[in-house]
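Colleague: Okay, handing you the structure first.
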Amino acid sequence: MTPLKIGEIIFGILYMIFVFWLGISSKKKAEESGEKYFASSKFFGAIMIGVATATVGMSAFGFVGGAGLNYATGMWLVMASMFFTISYGLMMWTNGKPMRMMGEIANIETYADLGYERYRDNAVRFFIALNLIICVWAYMGTQIEGAGYIMSEIFGMPVTLGGIVIVLYTVLYTVLGGMIGSIKVDALQGVLKLLCIVGMVIGFFYLTHGPTNAITTIAASPHFGPRLVDPMGLIVPLAMSWIFVLGLGVMGQPQVSTKLYGLNSYKALKTAGLVGGISYGLMCVVYFFPGTSVLYLVASGAIPAIQVKDTTVFAFMNQLPPVLSVMVYLGLLAASMATTSTFLVIGSSLFTRDIPRSFGKNLDQKQEVVVGRWALLIISLGALTFGLFGGQMVAILGGIGLGTFVATSIPVIVGYQWRKATREAALIAEVLTLVLSIGFTVVYEGIMKGKLMAKVPGYAYIILISIVVMIFASLFTKGAAGDLLPAKMKVYFKHME
């Protein structure tokens with residue numbers, strides 16, 4: 001074992017100890033109420049929330065999967081990622097304002113709470129919660145698998161053991177610190193990821209001597225050819241669907257928007273959106289520099305072809321000089337934990353607050369914290385089992401996690417922007433999202449290996465259908481819309497005018 005590797009392991013252990021302390025340092029504050037445990041209500045400033053939203057948007061899925069996807073399918077991901085940062089400005093407008101304003105009018109702790117207050121319907125709340133449970137399990141599965149690869153590379157342990165270690169570790173500090181601890185840790189991890197990006201940029205120029213040399217070498221290689229450096233890459237429909245899905249995607253992902261409950265001031269939304277958008281935009285470098293560097297190294301004969309695309313970012317790191325390698329290592333270590341803690345808190349709130357309230361059962365604030373911790377452990381066990389032993393279903397349901405997150409959010413987003421959005425339309429859209437997510441992505445695309453029109457992924461169609469249903473069904477129904485708006489929503493829309 002080299003001295004650098006020994007140093008990486010020692011630093012990794014010290015970092016995990018510090019993160020654990022940071023996560024549990026908020027234990028007393030989180031235990032005061034369910035509002036603070038699940039939503040960190042009005043506790044942080046714009047910069048911390050902005051960085052935290054960026055880091056949960058760019059997790060192990062991006063750091064490991066993004067580089068691998070770039071290596072396997074080309075430059076289209078660069079084009080798609082340029083649209084991702086738009087989401088942060090849209091999120092502050094479509095999600096941030098309603099969430100912060102309704103937090104002043106009603107007791108809002110979760111995303112399903114927002115849906116209930118808009119439509120005053122427990123069935124809508126229930127199906128939002130049910131869809132989000134599926135999303136949390138599906139998306140956590142991909143995060144656990146990615147974290148397993150990272151822990152395996154850093155500490156030399158098997159991928160399965162790496163996934164188990166990171167989940168158990170994250171569960172422990174999340175159980176104690178709740179969303180307050182999660183946001184503190186996410187902000188730290190965001191800073192480390194930005195430092196990692198600096199290392200990636202310098203490393204790219206160190207290895208390839210610039211983009212012109214890299215692109216011409218890749219294009220001339222018999223292994224790859226010019227299509228791999230085409231801005232739209234090899235998969236045009238997929239590129240366009242990612243622009244659509246992820247251009248809207250961040251604002252439709254509750255693990256990102258839930259962080260906005262922590263803002264200490266309504267006026268901080270603009271700053272938080274700016275910080276989040278810039279931070280996420282910088283993190284999108286991971287979609288280009290590591291994968292392109294490895295493509296260049298393979299094309300020039302410096303290293304053999306990569307057999308497992310998810311090891312691309314590690315192949316990149318291993319070719320760097322020690323200082324740059326450590327900078328990238330920091331970001332990978334942070335990515336191994338990012339997002340998971342937020343998913344855990346969201347998942348536990350679904351079981352302790354949203355589903356019970358859908359059936360008229362209310363737990364008091366202290367009970368929510370106690371029951372939420374047990375629910376968090378159960379969710380972790382299920383996601384861990386699925387993520388490490390689900391095989392191909394992890395990739396299939398990872399697509400569900402992305403698309404269903406956005407589609408589930410559509411009725412809430414539309415409802416807070418449009419007075420005429422109705423209760424009936426929201427319920428139909430949520431039920432269709434549940435049915436189509438399973439029907440399209442699991443059955444048709446996953447089990448039957450079918451392809452939809454133009455080879456566009458099923459989750460893109462699910463989002464489009466949810467939008468269309470919300471608009472057209474609202475034109476023919478009246479519940480909780482127009483003159484029949486709930487009383488609190490009349491106050492909300494009056495203030496929005």
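Ordered as shown in the structure tokens, chains take letters A, B, and onward, while each chain numbers its residues from 1 and ligands are numbered from 1 in the order shown.
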List as a VMD selection string the protein and nucleic acid residues near Val185 (chain A), meaning an atom at most 7 Å away when only C-alpha atoms are counted, but skip any in the same chain fewer than 5 places from it.
Modeller: chain A and resid 19 22 to 23
Colleague: Could you write those residues out with C-alpha atoms, as an mmCIF file, in the first residue's frame?
Modeller:
```
data_model
loop_
_atom_site.group_PDB
_atom_site.id
_atom_site.type_symbol
_atom_site.label_atom_id
_atom_site.label_comp_id
_atom_site.auth_asym_id
_atom_site.auth_seq_id
_atom_site.Cartn_x
_atom_site.Cartn_y
_atom_site.Cartn_z
ATOM 1 C CA VAL A 19 -19.119 14.660 9.685
ATOM 2 C CA LEU A 22 -21.466 17.798 12.714
ATOM 3 C CA GLY A 23 -24.570 15.718 12.036
#
```
Colleague: Write out as a ChimeraX atom specification which residues come within 10 Å of Val191 (chain A) when counting only C-alpha atoms, dropping same-chain ones fewer than 6 positions away.
Modeller: /A:48,51-52,55,197,279,330-331,334
Colleague: Go ahead and save the residues from that selection, with N, CA and C atoms, as a PDB file, in the first residue's frame.
Modeller:
```pdb
ATOM      1  N   MET A  48     -25.842  28.887   2.998  1.00  0.00           N
ATOM      2  CA  MET A  48     -25.803  27.488   3.429  1.00  0.00           C
ATOM      3  C   MET A  48     -26.884  26.666   2.726  1.00  0.00           C
ATOM      4  N   VAL A  51     -25.934  26.133  -1.085  1.00  0.00           N
ATOM      5  CA  VAL A  51     -24.922  25.093  -1.283  1.00  0.00           C
ATOM      6  C   VAL A  51     -25.504  23.715  -0.972  1.00  0.00           C
ATOM      7  N   ALA A  52     -26.343  23.634   0.085  1.00  0.00           N
ATOM      8  CA  ALA A  52     -26.944  22.351   0.455  1.00  0.00           C
ATOM      9  C   ALA A  52     -27.870  21.829  -0.645  1.00  0.00           C
ATOM     10  N   THR A  55     -25.718  20.402  -3.439  1.00  0.00           N
ATOM     11  CA  THR A  55     -25.031  19.135  -3.165  1.00  0.00           C
ATOM     12  C   THR A  55     -25.988  17.946  -3.154  1.00  0.00           C
ATOM     13  N   ILE A 197     -14.132  19.906  -7.918  1.00  0.00           N
ATOM     14  CA  ILE A 197     -14.302  20.376  -9.298  1.00  0.00           C
ATOM     15  C   ILE A 197     -13.061  21.130  -9.767  1.00  0.00           C
ATOM     16  N   SER A 279     -23.492  26.992  -7.853  1.00  0.00           N
ATOM     17  CA  SER A 279     -22.797  25.826  -7.287  1.00  0.00           C
ATOM     18  C   SER A 279     -23.089  24.564  -8.099  1.00  0.00           C
ATOM     19  N   LEU A 330     -11.617  14.056  -2.173  1.00  0.00           N
ATOM     20  CA  LEU A 330     -12.495  14.753  -1.229  1.00  0.00           C
ATOM     21  C   LEU A 330     -13.925  14.822  -1.758  1.00  0.00           C
ATOM     22  N   GLY A 331     -14.056  15.152  -3.037  1.00  0.00           N
ATOM     23  CA  GLY A 331     -15.387  15.254  -3.623  1.00  0.00           C
ATOM     24  C   GLY A 331     -16.087  13.917  -3.684  1.00  0.00           C
ATOM     25  N   ALA A 334     -17.340  13.035  -0.248  1.00  0.00           N
ATOM     26  CA  ALA A 334     -18.552  13.803   0.055  1.00  0.00           C
ATOM     27  C   ALA A 334     -19.751  13.254  -0.719  1.00  0.00           C
TER      28      ALA A 334
END
```
Colleague: If we count only C-alpha atoms, what is near Phe316 (chain A) at a cut-off of 8 Å, once residues fewer than 3 positions away on the same chain are taken out, given as number ranges by chain?
Modeller: A: 290-291, 293-294, 312-313, 319-320
Colleague: How would the residues just chosen look if you wrote them out with C-alpha atoms as a PDB file, in the first residue's frame?
Modeller:
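Dumped everything to selection32.pdb:
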```pdb
ATOM      1  CA  PRO A 290     -13.316  13.086 -15.964  1.00  0.00           C
ATOM      2  CA  GLY A 291     -15.079  11.108 -18.711  1.00  0.00           C
ATOM      3  CA  SER A 293     -10.029  12.715 -19.915  1.00  0.00           C
ATOM      4  CA  VAL A 294     -10.413   8.944 -19.752  1.00  0.00           C
ATOM      5  CA  THR A 312     -14.464   5.982 -15.057  1.00  0.00           C
ATOM      6  CA  VAL A 313     -14.045   8.672 -12.396  1.00  0.00           C
ATOM      7  CA  GLN A 319      -3.865   9.109 -13.299  1.00  0.00           C
ATOM      8  CA  LEU A 320      -3.542  12.413 -11.440  1.00  0.00           C
TER       9      LEU A 320
END
```
Colleague: Which residues are near region 408-411 of chain A? Cut-off 10 Å, only C-alpha atoms, ignore same chain within fewer than 4 positions. Put them as number ranges by chain.
Modeller: A: 95, 111-112, 115, 118-119, 124, 127-132, 135, 249, 251-254, 403-404, 415-416, 421-423, 425-434, 462-464, 466-467, 469-471
Colleague: Identify which of the residues A:Ala187, A:Met92, A:Ile215, A:Ile164 lies closest to Gly141 (chain A), counting only C-alpha atoms when measuring atom-to-atom distances.
Modeller: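 Among A:Ala187, A:Met92, A:Ile215, A:Ile164, it is A:Ile164 that comes nearest to Gly141 (chain A).
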Colleague: At a cut-off of 12 Å, using only C-alpha atoms, what residues contact Val491 (chain A)? Leave out same-chain residues fewer than 4 positions from it and give the result as a list in words.
Modeller: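 That gives Pro98, Met101, Met102, Glu104, Ile105, Ala106, Glu117, Arg118, Arg419, Leu485, Pro486, Ala487, His495, Met496 and Glu497 of chain A.
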Colleague: Would you mind listing what lies within 8 Å of Val171 (chain A) as a tab-separated table (two decimals) with N, CA and C atoms, in the first residue's frame, with only C-alpha atoms counted and same-chain residues fewer than 5 positions away left out?
Modeller:
```tsv
chain	number	residue	atom	x	y	z
A	341	SER	N	-28.94	11.15	3.44
A	341	SER	CA	-29.54	11.57	4.70
A	341	SER	C	-30.86	12.31	4.47
A	344	LEU	N	-33.58	9.89	3.69
A	344	LEU	CA	-34.00	9.19	4.90
A	344	LEU	C	-35.00	10.01	5.71
A	376	LEU	N	-37.24	5.60	9.91
A	376	LEU	CA	-36.00	5.84	9.18
A	376	LEU	C	-35.14	4.58	9.11
A	377	LEU	N	-35.08	3.84	10.20
A	377	LEU	CA	-34.31	2.60	10.22
A	377	LEU	C	-34.92	1.55	9.28
A	380	SER	N	-34.23	2.51	5.66
A	380	SER	CA	-32.82	2.26	5.34
A	380	SER	C	-32.57	0.79	5.04
```
Colleague: If I take CA of Pro158 (chain A) and CA of Thr311 (chain A), how far is one from the other in Å, to one decimal?
Modeller: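 Interatomic distance here is 13.7 Å.
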Colleague: Quick one: residues within 8 Å of Tyr329 (chain A), only C-alpha atoms counted, chain neighbours fewer than 4 positions away excluded, as a PyMOL selection string?
Modeller: chain A and resi 8+154+196+317+325+333
Colleague: Considering only C-alpha atoms, state which residue in the set A:Pro211, A:Gly57, A:Gly190, A:Gly163 is at the smallest distance from Thr142 (chain A).
Modeller: A:Gly163
Colleague: Please, which residues of region 218-386 of chain A, numbered as in this document, come out helix (DSSP H, G or I) from DSSP, as a ChimeraX atom specification?
Modeller: /A:218-220,226-229,236-252,254-262,266-287,289-299,309-318,322-335,340-358,365-386
Colleague: Counting only C-alpha atoms, which residues of region 339-388 of chain A sit at most 10 Å from some atom of region 256-261 of chain A, and what is each one's closest atom pair with its distance in Å to one decimal, listed by chain and rising residue number, as CSV?
Modeller:
```
residue,atom,partner,partner_atom,distance
A:Thr339,CA,A:Val256,CA,8.7
A:Thr342,CA,A:Val256,CA,8.5
A:Phe343,CA,A:Val256,CA,9.8
A:Ile346,CA,A:Thr258,CA,8.3
```
Colleague: Those same residues - C-alpha atoms - I'd like them written as a tab-separated table (two decimals), in the first residue's frame.
Modeller:
```tsv
chain	number	residue	atom	x	y	z
A	339	THR	CA	-28.51	13.04	-0.61
A	342	THR	CA	-32.16	13.86	3.12
A	343	PHE	CA	-33.94	10.89	1.53
A	346	ILE	CA	-38.16	12.59	3.79
```
Colleague: Out of A:Trp374, A:Tyr15, A:Phe493, A:Phe476, which residue has the shortest atom-to-atom distance to Leu188 (chain A) when counting only C-alpha atoms?
Modeller: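 Comparing A:Trp374, A:Tyr15, A:Phe493, A:Phe476 against Leu188 (chain A), the winner is A:Tyr15.
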Colleague: Measure the distance from CA of Tyr88 (chain A) to CA of Ile49 (chain A) in Å and round it to one decimal.
Modeller: 11.8 Å
